[in-house]
>>> print(open('my_file-v2.pdb').read())   # PDB, C-alpha atoms and all ligand atoms
ATOM      1  CA  MET A   1      82.402  95.798  96.775  1.00  0.00           C
ATOM      2  CA  ALA A   2      80.024  93.887  94.510  1.00  0.00           C
ATOM      3  CA  PHE A   3      81.590  92.074  91.577  1.00  0.00           C
ATOM      4  CA  LYS A   4      80.593  89.350  89.163  1.00  0.00           C
ATOM      5  CA  ILE A   5      82.700  86.570  87.638  1.00  0.00           C
ATOM      6  CA  ARG A   6      81.415  85.569  84.207  1.00  0.00           C
ATOM      7  CA  ALA A   7      82.564  83.823  81.041  1.00  0.00           C
ATOM      8  CA  ALA A   8      84.313  86.255  78.704  1.00  0.00           C
ATOM      9  CA  THR A   9      82.737  87.101  75.359  1.00  0.00           C
ATOM     10  CA  LYS A  10      84.404  88.146  72.112  1.00  0.00           C
ATOM     11  CA  GLU A  11      83.540  91.754  73.022  1.00  0.00           C
ATOM     12  CA  ASP A  12      85.750  91.491  76.137  1.00  0.00           C
ATOM     13  CA  CYS A  13      88.923  90.783  74.132  1.00  0.00           C
ATOM     14  CA  LYS A  14      90.126  94.423  74.092  1.00  0.00           C
ATOM     15  CA  GLU A  15      89.824  94.536  77.886  1.00  0.00           C
ATOM     16  CA  ILE A  16      91.480  91.138  78.319  1.00  0.00           C
ATOM     17  CA  PHE A  17      94.307  92.247  76.047  1.00  0.00           C
ATOM     18  CA  ARG A  18      94.716  95.451  78.087  1.00  0.00           C
ATOM     19  CA  MET A  19      95.064  93.371  81.270  1.00  0.00           C
ATOM     20  CA  ILE A  20      97.440  90.880  79.577  1.00  0.00           C
ATOM     21  CA  THR A  21      99.766  93.812  78.893  1.00  0.00           C
ATOM     22  CA  GLU A  22      99.359  95.054  82.496  1.00  0.00           C
ATOM     23  CA  LEU A  23     100.253  91.584  83.791  1.00  0.00           C
ATOM     24  CA  ALA A  24     103.315  91.462  81.490  1.00  0.00           C
ATOM     25  CA  VAL A  25     104.464  94.814  82.939  1.00  0.00           C
ATOM     26  CA  PHE A  26     103.947  93.437  86.457  1.00  0.00           C
ATOM     27  CA  GLU A  27     105.986  90.374  85.445  1.00  0.00           C
ATOM     28  CA  LYS A  28     108.762  92.704  84.140  1.00  0.00           C
ATOM     29  CA  MET A  29     108.494  91.349  80.585  1.00  0.00           C
ATOM     30  CA  PRO A  30     106.293  93.875  78.734  1.00  0.00           C
ATOM     31  CA  ASP A  31     108.073  93.256  75.406  1.00  0.00           C
ATOM     32  CA  GLN A  32     107.083  89.588  75.394  1.00  0.00           C
ATOM     33  CA  VAL A  33     103.462  90.332  74.427  1.00  0.00           C
ATOM     34  CA  LYS A  34     103.319  89.771  70.668  1.00  0.00           C
ATOM     35  CA  ILE A  35      99.623  89.091  70.219  1.00  0.00           C
ATOM     36  CA  SER A  36      96.698  91.492  69.727  1.00  0.00           C
ATOM     37  CA  HIS A  37      93.078  91.550  70.807  1.00  0.00           C
ATOM     38  CA  GLU A  38      92.188  90.289  67.308  1.00  0.00           C
ATOM     39  CA  GLU A  39      94.336  87.194  67.944  1.00  0.00           C
ATOM     40  CA  LEU A  40      92.415  86.581  71.185  1.00  0.00           C
ATOM     41  CA  GLU A  41      89.131  86.950  69.292  1.00  0.00           C
ATOM     42  CA  SER A  42      90.073  84.510  66.561  1.00  0.00           C
ATOM     43  CA  SER A  43      91.713  81.892  68.826  1.00  0.00           C
ATOM     44  CA  GLY A  44      89.265  82.001  71.715  1.00  0.00           C
ATOM     45  CA  PHE A  45      85.928  82.682  70.108  1.00  0.00           C
ATOM     46  CA  CYS A  46      85.755  80.316  67.160  1.00  0.00           C
ATOM     47  CA  GLU A  47      84.404  76.825  66.466  1.00  0.00           C
ATOM     48  CA  ASN A  48      87.196  75.064  68.369  1.00  0.00           C
ATOM     49  CA  PRO A  49      88.424  77.639  70.899  1.00  0.00           C
ATOM     50  CA  LEU A  50      92.024  77.287  72.084  1.00  0.00           C
ATOM     51  CA  PHE A  51      91.306  78.810  75.477  1.00  0.00           C
ATOM     52  CA  GLY A  52      88.540  79.785  77.852  1.00  0.00           C
ATOM     53  CA  CYS A  53      88.443  82.950  79.911  1.00  0.00           C
ATOM     54  CA  LEU A  54      86.554  84.270  82.922  1.00  0.00           C
ATOM     55  CA  VAL A  55      86.399  87.971  83.674  1.00  0.00           C
ATOM     56  CA  ALA A  56      85.626  89.889  86.849  1.00  0.00           C
ATOM     57  CA  GLU A  57      83.284  92.831  86.392  1.00  0.00           C
ATOM     58  CA  VAL A  58      82.338  95.581  88.845  1.00  0.00           C
ATOM     59  CA  PRO A  59      79.261  97.802  88.603  1.00  0.00           C
ATOM     60  CA  GLU A  60      79.577 101.129  86.788  1.00  0.00           C
ATOM     61  CA  GLU A  61      79.630 103.049  90.110  1.00  0.00           C
ATOM     62  CA  HIS A  62      82.773 101.177  91.152  1.00  0.00           C
ATOM     63  CA  LYS A  63      84.660 101.488  87.860  1.00  0.00           C
ATOM     64  CA  SER A  64      88.428 101.997  87.939  1.00  0.00           C
ATOM     65  CA  LYS A  65      90.093 105.417  87.899  1.00  0.00           C
ATOM     66  CA  GLU A  66      90.427 105.092  84.118  1.00  0.00           C
ATOM     67  CA  GLY A  67      86.774 104.045  83.714  1.00  0.00           C
ATOM     68  CA  PHE A  68      87.169 100.255  83.370  1.00  0.00           C
ATOM     69  CA  THR A  69      84.517  97.877  84.729  1.00  0.00           C
ATOM     70  CA  VAL A  70      86.281  94.644  83.664  1.00  0.00           C
ATOM     71  CA  VAL A  71      88.959  94.507  86.349  1.00  0.00           C
ATOM     72  CA  GLY A  72      90.353  90.961  86.384  1.00  0.00           C
ATOM     73  CA  TYR A  73      90.573  87.773  84.377  1.00  0.00           C
ATOM     74  CA  GLY A  74      91.591  84.130  84.429  1.00  0.00           C
ATOM     75  CA  LEU A  75      92.570  82.584  81.097  1.00  0.00           C
ATOM     76  CA  TYR A  76      92.870  78.814  80.855  1.00  0.00           C
ATOM     77  CA  PHE A  77      93.081  75.899  78.435  1.00  0.00           C
ATOM     78  CA  TYR A  78      92.972  72.148  78.628  1.00  0.00           C
ATOM     79  CA  THR A  79      95.962  69.876  78.649  1.00  0.00           C
ATOM     80  CA  TYR A  80      96.473  66.172  79.180  1.00  0.00           C
ATOM     81  CA  SER A  81      98.482  64.236  81.722  1.00  0.00           C
ATOM     82  CA  THR A  82      99.589  60.743  80.717  1.00  0.00           C
ATOM     83  CA  TRP A  83      99.450  59.936  84.433  1.00  0.00           C
ATOM     84  CA  ARG A  84      96.160  61.541  85.393  1.00  0.00           C
ATOM     85  CA  GLY A  85      94.231  62.328  82.196  1.00  0.00           C
ATOM     86  CA  ARG A  86      92.436  65.621  81.607  1.00  0.00           C
ATOM     87  CA  ALA A  87      93.943  68.694  83.242  1.00  0.00           C
ATOM     88  CA  LEU A  88      93.358  72.436  83.134  1.00  0.00           C
ATOM     89  CA  HIS A  89      96.222  74.900  82.795  1.00  0.00           C
ATOM     90  CA  LEU A  90      95.615  78.387  84.171  1.00  0.00           C
ATOM     91  CA  GLU A  91      97.752  80.599  81.950  1.00  0.00           C
ATOM     92  CA  ASP A  92      96.981  83.968  83.569  1.00  0.00           C
ATOM     93  CA  LEU A  93      95.279  85.156  86.740  1.00  0.00           C
ATOM     94  CA  TYR A  94      95.170  88.919  87.179  1.00  0.00           C
ATOM     95  CA  VAL A  95      93.308  91.530  89.192  1.00  0.00           C
ATOM     96  CA  MET A  96      93.967  95.256  88.630  1.00  0.00           C
ATOM     97  CA  PRO A  97      95.947  96.727  91.575  1.00  0.00           C
ATOM     98  CA  GLU A  98      93.150  98.980  92.865  1.00  0.00           C
ATOM     99  CA  PHE A  99      90.787  95.981  93.124  1.00  0.00           C
ATOM    100  CA  ARG A 100      93.127  93.561  94.916  1.00  0.00           C
ATOM    101  CA  GLY A 101      92.582  92.177  98.393  1.00  0.00           C
ATOM    102  CA  ARG A 102      88.785  92.054  98.032  1.00  0.00           C
ATOM    103  CA  GLY A 103      88.299  88.408  97.154  1.00  0.00           C
ATOM    104  CA  ILE A 104      88.205  88.845  93.357  1.00  0.00           C
ATOM    105  CA  GLY A 105      91.329  86.771  92.636  1.00  0.00           C
ATOM    106  CA  LYS A 106      90.174  83.997  94.918  1.00  0.00           C
ATOM    107  CA  SER A 107      86.737  84.000  93.263  1.00  0.00           C
ATOM    108  CA  ILE A 108      88.214  83.757  89.751  1.00  0.00           C
ATOM    109  CA  LEU A 109      90.471  80.893  90.899  1.00  0.00           C
ATOM    110  CA  SER A 110      87.516  79.046  92.478  1.00  0.00           C
ATOM    111  CA  LYS A 111      85.400  79.514  89.353  1.00  0.00           C
ATOM    112  CA  VAL A 112      88.250  78.141  87.222  1.00  0.00           C
ATOM    113  CA  ALA A 113      88.420  75.162  89.618  1.00  0.00           C
ATOM    114  CA  GLU A 114      84.689  74.684  89.115  1.00  0.00           C
ATOM    115  CA  VAL A 115      85.211  74.623  85.326  1.00  0.00           C
ATOM    116  CA  ALA A 116      88.003  72.053  85.809  1.00  0.00           C
ATOM    117  CA  LYS A 117      85.759  69.807  87.910  1.00  0.00           C
ATOM    118  CA  LYS A 118      82.885  70.108  85.408  1.00  0.00           C
ATOM    119  CA  MET A 119      85.263  69.030  82.652  1.00  0.00           C
ATOM    120  CA  GLN A 120      86.458  66.089  84.782  1.00  0.00           C
ATOM    121  CA  CYS A 121      89.992  67.414  85.064  1.00  0.00           C
ATOM    122  CA  ALA A 122      92.175  65.769  87.688  1.00  0.00           C
ATOM    123  CA  ARG A 123      94.382  68.851  87.998  1.00  0.00           C
ATOM    124  CA  LEU A 124      94.447  72.634  87.847  1.00  0.00           C
ATOM    125  CA  GLN A 125      98.027  73.724  87.215  1.00  0.00           C
ATOM    126  CA  LEU A 126      99.914  76.940  86.535  1.00  0.00           C
ATOM    127  CA  SER A 127     103.360  78.535  86.481  1.00  0.00           C
ATOM    128  CA  VAL A 128     104.386  81.457  88.635  1.00  0.00           C
ATOM    129  CA  LEU A 129     107.629  83.435  88.613  1.00  0.00           C
ATOM    130  CA  ASN A 130     110.148  82.651  91.309  1.00  0.00           C
ATOM    131  CA  TRP A 131     110.197  86.226  92.741  1.00  0.00           C
ATOM    132  CA  ASN A 132     106.404  86.553  92.808  1.00  0.00           C
ATOM    133  CA  THR A 133     106.139  85.511  96.445  1.00  0.00           C
ATOM    134  CA  PRO A 134     102.743  87.183  97.109  1.00  0.00           C
ATOM    135  CA  SER A 135     101.172  85.034  94.393  1.00  0.00           C
ATOM    136  CA  ARG A 136     103.136  81.917  95.395  1.00  0.00           C
ATOM    137  CA  ASP A 137     101.863  82.434  98.937  1.00  0.00           C
ATOM    138  CA  PHE A 138      98.332  83.058  97.618  1.00  0.00           C
ATOM    139  CA  TYR A 139      98.330  79.691  95.768  1.00  0.00           C
ATOM    140  CA  ALA A 140      99.982  77.866  98.679  1.00  0.00           C
ATOM    141  CA  ALA A 141      97.339  79.244 101.057  1.00  0.00           C
ATOM    142  CA  LYS A 142      94.680  77.775  98.755  1.00  0.00           C
ATOM    143  CA  GLY A 143      96.319  74.341  98.983  1.00  0.00           C
ATOM    144  CA  ALA A 144      98.499  74.240  95.823  1.00  0.00           C
ATOM    145  CA  GLN A 145     101.725  72.212  95.779  1.00  0.00           C
ATOM    146  CA  ASP A 146     104.949  73.813  94.474  1.00  0.00           C
ATOM    147  CA  LEU A 147     106.186  71.141  92.057  1.00  0.00           C
ATOM    148  CA  THR A 148     109.535  72.835  91.432  1.00  0.00           C
ATOM    149  CA  ALA A 149     110.311  72.613  95.135  1.00  0.00           C
ATOM    150  CA  ALA A 150     108.763  69.165  95.623  1.00  0.00           C
ATOM    151  CA  GLU A 151     109.756  67.373  92.403  1.00  0.00           C
ATOM    152  CA  GLY A 152     112.316  69.579  90.630  1.00  0.00           C
ATOM    153  CA  TRP A 153     110.507  70.162  87.312  1.00  0.00           C
ATOM    154  CA  HIS A 154     111.948  72.709  84.862  1.00  0.00           C
ATOM    155  CA  LEU A 155     109.774  74.607  82.394  1.00  0.00           C
ATOM    156  CA  ILE A 156     111.182  74.031  78.874  1.00  0.00           C
ATOM    157  CA  ARG A 157     110.308  75.994  75.748  1.00  0.00           C
ATOM    158  CA  PHE A 158     111.228  76.024  72.052  1.00  0.00           C
ATOM    159  CA  ASP A 159     110.351  79.177  70.113  1.00  0.00           C
ATOM    160  CA  GLY A 160     111.725  81.423  67.376  1.00  0.00           C
ATOM    161  CA  GLN A 161     114.837  79.990  65.701  1.00  0.00           C
ATOM    162  CA  SER A 162     115.037  76.908  67.929  1.00  0.00           C
ATOM    163  CA  LEU A 163     111.466  75.961  66.983  1.00  0.00           C
ATOM    164  CA  ASP A 164     112.139  76.639  63.283  1.00  0.00           C
ATOM    165  CA  ASN A 165     115.313  74.539  63.414  1.00  0.00           C
ATOM    166  CA  LEU A 166     113.569  71.600  65.030  1.00  0.00           C
ATOM    167  CA  ALA A 167     110.659  71.708  62.606  1.00  0.00           C
ATOM    168  CA  ASN A 168     113.000  71.995  59.626  1.00  0.00           C
ATOM    169  CA  ASP A 169     114.812  68.865  60.811  1.00  0.00           C
ATOM    170  CA  ALA A 170     111.617  66.814  60.808  1.00  0.00           C
ATOM    171  CA  PRO A 171     111.935  63.695  58.621  1.00  0.00           C
ATOM    172  CA  LYS A 172     110.135  64.181  55.310  1.00  0.00           C
ATOM    173  CA  ASP A 173     107.286  61.715  54.622  1.00  0.00           C
TER     174      ASP A 173
HETATM  175  C1  LIG A 201      97.353  87.187  92.745  1.00  0.00           C
HETATM  176  C2  LIG A 201      96.102  88.003  92.544  1.00  0.00           C
HETATM  177  C3  LIG A 201      95.352  87.529  91.306  1.00  0.00           C
HETATM  178  C4  LIG A 201      95.208  87.845  93.780  1.00  0.00           C
HETATM  179  O1  LIG A 201      94.024  88.581  93.559  1.00  0.00           O
HETATM  180  P1  LIG A 201      93.302  89.370  94.747  1.00  0.00           P
HETATM  181  O2  LIG A 201      91.962  89.769  94.242  1.00  0.00           O
HETATM  182  O3  LIG A 201      94.194  90.420  95.244  1.00  0.00           O
HETATM  183  O4  LIG A 201      93.203  88.216  95.849  1.00  0.00           O
HETATM  184  P2  LIG A 201      92.045  87.975  96.912  1.00  0.00           P
HETATM  185  O5  LIG A 201      91.624  89.292  97.481  1.00  0.00           O
HETATM  186  O6  LIG A 201      91.003  87.123  96.342  1.00  0.00           O
HETATM  187  O7  LIG A 201      92.796  87.080  97.989  1.00  0.00           O
HETATM  188  C5  LIG A 201      94.052  87.387  98.385  1.00  0.00           C
HETATM  189  C6  LIG A 201      94.367  86.730  99.670  1.00  0.00           C
HETATM  190  O8  LIG A 201      95.421  87.523 100.192  1.00  0.00           O
HETATM  191  C7  LIG A 201      94.937  88.331 101.246  1.00  0.00           C
HETATM  192  N1  LIG A 201      95.257  89.761 101.079  1.00  0.00           N
HETATM  193  C8  LIG A 201      95.230  90.651 102.058  1.00  0.00           C
HETATM  194  N2  LIG A 201      95.562  91.848 101.626  1.00  0.00           N
HETATM  195  C9  LIG A 201      95.800  91.741 100.340  1.00  0.00           C
HETATM  196  C10 LIG A 201      96.173  92.663  99.346  1.00  0.00           C
HETATM  197  N3  LIG A 201      96.399  93.977  99.588  1.00  0.00           N
HETATM  198  N4  LIG A 201      96.327  92.206  98.088  1.00  0.00           N
HETATM  199  C11 LIG A 201      96.120  90.935  97.817  1.00  0.00           C
HETATM  200  N5  LIG A 201      95.757  90.032  98.741  1.00  0.00           N
HETATM  201  C12 LIG A 201      95.606  90.410  99.982  1.00  0.00           C
HETATM  202  C13 LIG A 201      93.451  88.176 101.245  1.00  0.00           C
HETATM  203  O9  LIG A 201      92.972  88.273 102.571  1.00  0.00           O
HETATM  204  C14 LIG A 201      93.252  86.793 100.680  1.00  0.00           C
HETATM  205  O10 LIG A 201      93.448  85.800 101.635  1.00  0.00           O
HETATM  206  P3  LIG A 201      92.258  84.835 102.117  1.00  0.00           P
HETATM  207  O11 LIG A 201      91.917  83.987 100.935  1.00  0.00           O
HETATM  208  O12 LIG A 201      92.854  84.062 103.223  1.00  0.00           O
HETATM  209  O13 LIG A 201      91.145  85.736 102.508  1.00  0.00           O
HETATM  210  C15 LIG A 201      96.443  89.515  92.414  1.00  0.00           C
HETATM  211  O14 LIG A 201      97.135  89.923  93.563  1.00  0.00           O
HETATM  212  C16 LIG A 201      97.232  89.880  91.192  1.00  0.00           C
HETATM  213  O15 LIG A 201      96.664  90.111  90.115  1.00  0.00           O
HETATM  214  N6  LIG A 201      98.564  89.935  91.325  1.00  0.00           N
HETATM  215  C17 LIG A 201      99.429  90.354  90.237  1.00  0.00           C
HETATM  216  C18 LIG A 201      99.440  89.362  89.116  1.00  0.00           C
HETATM  217  C19 LIG A 201      99.870  87.995  89.559  1.00  0.00           C
HETATM  218  O16 LIG A 201     100.819  87.827  90.308  1.00  0.00           O
HETATM  219  N7  LIG A 201      99.154  87.006  89.046  1.00  0.00           N
HETATM  220  C20 LIG A 201      99.454  85.627  89.277  1.00  0.00           C
HETATM  221  C21 LIG A 201     100.512  85.244  88.321  1.00  0.00           C
HETATM  222  S1  LIG A 201     100.533  83.517  88.098  1.00  0.00           S
END
>>> encode(input="my_file-v2.pdb", output="structure tokens")
Amino acid sequence: MAFKIRAATKEDCKEIFRMITELAVFEKMPDQVKISHEELESSGFCENPLFGCLVAEVPEEHKSKEGFTVVGYGLYFYTYSTWRGRALHLEDLYVMPEFRGRGIGKSILSKVAEVAKKMQCARLQLSVLNWNTPSRDFYAAKGAQDLTAAEGWHLIRFDGQSLDNLANDAPKD
């Protein structure tokens, strides 16, 4: 099946948001999505965008059962390693179920790697849930290292009350 991987535009945000919610359902955490497509538009398509996004598009004749032609996405942003310098974090990689196994996911991942190389990033990194063995195997087959297994890193987060508490405790200037 023919498909194209291209940079997302502001007009794609409704479709990206739809697939973000599909991915959250797949990840068994649908209630965790608190943003909207407007938030994607304002954070990603402004003077200093906070993320970049590639989408996979199929021709009209191959649209999904529900009529969608944007069928996958990879959303990324830049981060910085004090050991290695510029790095790219892939936040989401998703292909709609009926379009899987046709090379779309691999193509999005390769295009994201191309972006990383163009931006002189030393690394492309991401997090994947422990039980998501198909995706862990997919990344491993492409040559990724599992840092939790190899080096024992934990993913740590402050949000909600814990973030408020920390910020409120900041020394006043
Ligand atoms: C992970 C994911 C993006 C892969 O996308 P995809 O388009 O299915 O993957 P591809 O077809 O490009 O490649 C999958 C690889 O698995 C193999 N494969 C075989 N059958 C497959 C199937 N039914 N589904 C997926 N992959 C299959 C392919 O042959 C390919 O191997 P290769 O590179 O050696 O040829 C997609 O499965 C997905 O969206 N999963 C749910 C969300 C998810 O887990 N995202 C990652 C979270 S971090």
>>> atom_distance(input="my_file-v2.pdb", atom1="atom O14 of ligand LIG 201 (chain A)", atom2="CA of Ile104 in chain A")
9.0 Å
>>> resolve_selection(input="my_file-v2.pdb", expression="the PyMOL selection byres (((chain A and resi 122) around 9) and not hetatm)", output="VMD selection string")
chain A and resid 81 84 to 88 116 to 117 120 to 121 123 to 124
>>> resolve_selection(input="my_file-v2.pdb", expression="the PyMOL selection byres (((chain A and resi 36-39) around 8) and not hetatm)", output="list in words")
Cys13, Lys14, Ile16, Phe17, Lys34, Ile35, Leu40, Glu41, Ser42 and Ser43 of chain A
>>> write_last_selection(input="my_file-v2.pdb", atoms="C-alpha atoms", output="PDB file, in the coordinates of the input")
ATOM      1  CA  CYS A  13      88.923  90.783  74.132  1.00  0.00           C
ATOM      2  CA  LYS A  14      90.126  94.423  74.092  1.00  0.00           C
ATOM      3  CA  ILE A  16      91.480  91.138  78.319  1.00  0.00           C
ATOM      4  CA  PHE A  17      94.307  92.247  76.047  1.00  0.00           C
ATOM      5  CA  LYS A  34     103.319  89.771  70.668  1.00  0.00           C
ATOM      6  CA  ILE A  35      99.623  89.091  70.219  1.00  0.00           C
ATOM      7  CA  LEU A  40      92.415  86.581  71.185  1.00  0.00           C
ATOM      8  CA  GLU A  41      89.131  86.950  69.292  1.00  0.00           C
ATOM      9  CA  SER A  42      90.073  84.510  66.561  1.00  0.00           C
ATOM     10  CA  SER A  43      91.713  81.892  68.826  1.00  0.00           C
TER      11      SER A  43
END
>>> closest_residue(input="my_file-v2.pdb", among="A:Phe3, A:Glu61, A:Gly103, A:Gln125", to="Phe77 in chain A", atoms="only C-alpha atoms")
A:Gln125
>>> closest_residue(input="my_file-v2.pdb", among="A:Lys118, A:Lys65, A:Arg18, A:Arg100", to="ligand LIG 201 (chain A)", atoms="all atoms listed in the file")
A:Arg100
>>> resolve_selection(input="my_file-v2.pdb", expression="the PyMOL selection byres (((chain A and resi 75) around 10) and not hetatm)", output="ChimeraX atom specification")
/A:8,16,20,44,51-55,73-74,76-77,89-94,108,112
>>> atom_distance(input="my_file-v2.pdb", atom1="atom O7 of ligand LIG 201 (chain A)", atom2="CA of Ser107 in chain A")
8.3 Å
>>> residues_near_ligand(input="my_file-v2.pdb", ligand="ligand LIG 201 (chain A)", cutoff="8 Å", atoms="only C-alpha atoms and all ligand atoms", output="short mmCIF file (atom, residue, chain, number, x, y, z; two decimals) with C-alpha atoms, in the coordinates of the input")
data_model
loop_
_atom_site.label_atom_id
_atom_site.label_comp_id
_atom_site.auth_asym_id
_atom_site.auth_seq_id
_atom_site.Cartn_x
_atom_site.Cartn_y
_atom_site.Cartn_z
CA LEU A 23 100.25 91.58 83.79
CA PHE A 26 103.95 93.44 86.46
CA GLU A 27 105.99 90.37 85.44
CA GLY A 72 90.35 90.96 86.38
CA GLU A 91 97.75 80.60 81.95
CA ASP A 92 96.98 83.97 83.57
CA LEU A 93 95.28 85.16 86.74
CA TYR A 94 95.17 88.92 87.18
CA VAL A 95 93.31 91.53 89.19
CA MET A 96 93.97 95.26 88.63
CA PRO A 97 95.95 96.73 91.58
CA PHE A 99 90.79 95.98 93.12
CA ARG A 100 93.13 93.56 94.92
CA GLY A 101 92.58 92.18 98.39
CA ARG A 102 88.78 92.05 98.03
CA GLY A 103 88.30 88.41 97.15
CA ILE A 104 88.20 88.84 93.36
CA GLY A 105 91.33 86.77 92.64
CA LYS A 106 90.17 84.00 94.92
CA SER A 107 86.74 84.00 93.26
CA ILE A 108 88.21 83.76 89.75
CA LEU A 126 99.91 76.94 86.54
CA SER A 127 103.36 78.54 86.48
CA VAL A 128 104.39 81.46 88.64
CA LEU A 129 107.63 83.44 88.61
CA ASN A 132 106.40 86.55 92.81
CA PRO A 134 102.74 87.18 97.11
CA SER A 135 101.17 85.03 94.39
CA ARG A 136 103.14 81.92 95.40
CA PHE A 138 98.33 83.06 97.62
CA ALA A 141 97.34 79.24 101.06
CA LYS A 142 94.68 77.78 98.76
#
>>> closest_residue(input="my_file-v2.pdb", among="A:Ala149, A:Ala140, A:Val33, A:His62", to="Thr21 in chain A", atoms="only C-alpha atoms")
A:Val33
>>> atom_distance(input="my_file-v2.pdb", atom1="CA of Ile5 in chain A", atom2="CA of Glu57 in chain A")
6.4 Å
>>> axis_aligned_box(input="my_file-v2.pdb", around="range 118-132 of chain A", padding_each_side="6 Å", output="lines of an AutoDock Vina configuration file")
center_x = 96.5
center_y = 76.2
center_z = 87.7
size_x = 39.3
size_y = 32.8
size_z = 22.2
>>> build_atoms(input="my_file-v2.pdb", residues="range 99-113 of chain A", atoms="N, CA and C atoms", output="PDB file, keeping the file's coordinate frame")
ATOM      1  N   PHE A  99      91.880  96.884  92.744  1.00  0.00           N
ATOM      2  CA  PHE A  99      90.787  95.981  93.124  1.00  0.00           C
ATOM      3  C   PHE A  99      91.282  94.745  93.885  1.00  0.00           C
ATOM      4  N   ARG A 100      92.567  94.745  94.224  1.00  0.00           N
ATOM      5  CA  ARG A 100      93.127  93.561  94.916  1.00  0.00           C
ATOM      6  C   ARG A 100      92.747  93.534  96.390  1.00  0.00           C
ATOM      7  N   GLY A 101      92.833  92.330  96.963  1.00  0.00           N
ATOM      8  CA  GLY A 101      92.582  92.177  98.393  1.00  0.00           C
ATOM      9  C   GLY A 101      91.114  92.221  98.765  1.00  0.00           C
ATOM     10  N   ARG A 102      90.234  92.009  97.762  1.00  0.00           N
ATOM     11  CA  ARG A 102      88.785  92.054  98.032  1.00  0.00           C
ATOM     12  C   ARG A 102      88.093  90.754  97.664  1.00  0.00           C
ATOM     13  N   GLY A 103      88.897  89.711  97.446  1.00  0.00           N
ATOM     14  CA  GLY A 103      88.299  88.408  97.154  1.00  0.00           C
ATOM     15  C   GLY A 103      88.068  88.120  95.677  1.00  0.00           C
ATOM     16  N   ILE A 104      88.470  89.055  94.795  1.00  0.00           N
ATOM     17  CA  ILE A 104      88.205  88.845  93.357  1.00  0.00           C
ATOM     18  C   ILE A 104      89.105  87.737  92.800  1.00  0.00           C
ATOM     19  N   GLY A 105      90.397  87.791  93.136  1.00  0.00           N
ATOM     20  CA  GLY A 105      91.329  86.771  92.636  1.00  0.00           C
ATOM     21  C   GLY A 105      90.934  85.376  93.092  1.00  0.00           C
ATOM     22  N   LYS A 106      90.589  85.285  94.362  1.00  0.00           N
ATOM     23  CA  LYS A 106      90.174  83.997  94.918  1.00  0.00           C
ATOM     24  C   LYS A 106      88.905  83.489  94.224  1.00  0.00           C
ATOM     25  N   SER A 107      87.986  84.397  93.927  1.00  0.00           N
ATOM     26  CA  SER A 107      86.737  84.000  93.263  1.00  0.00           C
ATOM     27  C   SER A 107      87.004  83.523  91.837  1.00  0.00           C
ATOM     28  N   ILE A 108      87.893  84.208  91.121  1.00  0.00           N
ATOM     29  CA  ILE A 108      88.214  83.757  89.751  1.00  0.00           C
ATOM     30  C   ILE A 108      88.838  82.365  89.830  1.00  0.00           C
ATOM     31  N   LEU A 109      89.794  82.195  90.769  1.00  0.00           N
ATOM     32  CA  LEU A 109      90.471  80.893  90.899  1.00  0.00           C
ATOM     33  C   LEU A 109      89.456  79.784  91.232  1.00  0.00           C
ATOM     34  N   SER A 110      88.522  80.057  92.121  1.00  0.00           N
ATOM     35  CA  SER A 110      87.516  79.046  92.478  1.00  0.00           C
ATOM     36  C   SER A 110      86.615  78.719  91.299  1.00  0.00           C
ATOM     37  N   LYS A 111      86.250  79.749  90.524  1.00  0.00           N
ATOM     38  CA  LYS A 111      85.400  79.514  89.353  1.00  0.00           C
ATOM     39  C   LYS A 111      86.150  78.686  88.306  1.00  0.00           C
ATOM     40  N   VAL A 112      87.449  78.939  88.159  1.00  0.00           N
ATOM     41  CA  VAL A 112      88.250  78.141  87.222  1.00  0.00           C
ATOM     42  C   VAL A 112      88.305  76.692  87.721  1.00  0.00           C
ATOM     43  N   ALA A 113      88.424  76.517  89.036  1.00  0.00           N
ATOM     44  CA  ALA A 113      88.420  75.162  89.618  1.00  0.00           C
ATOM     45  C   ALA A 113      87.083  74.472  89.342  1.00  0.00           C
TER      46      ALA A 113
END
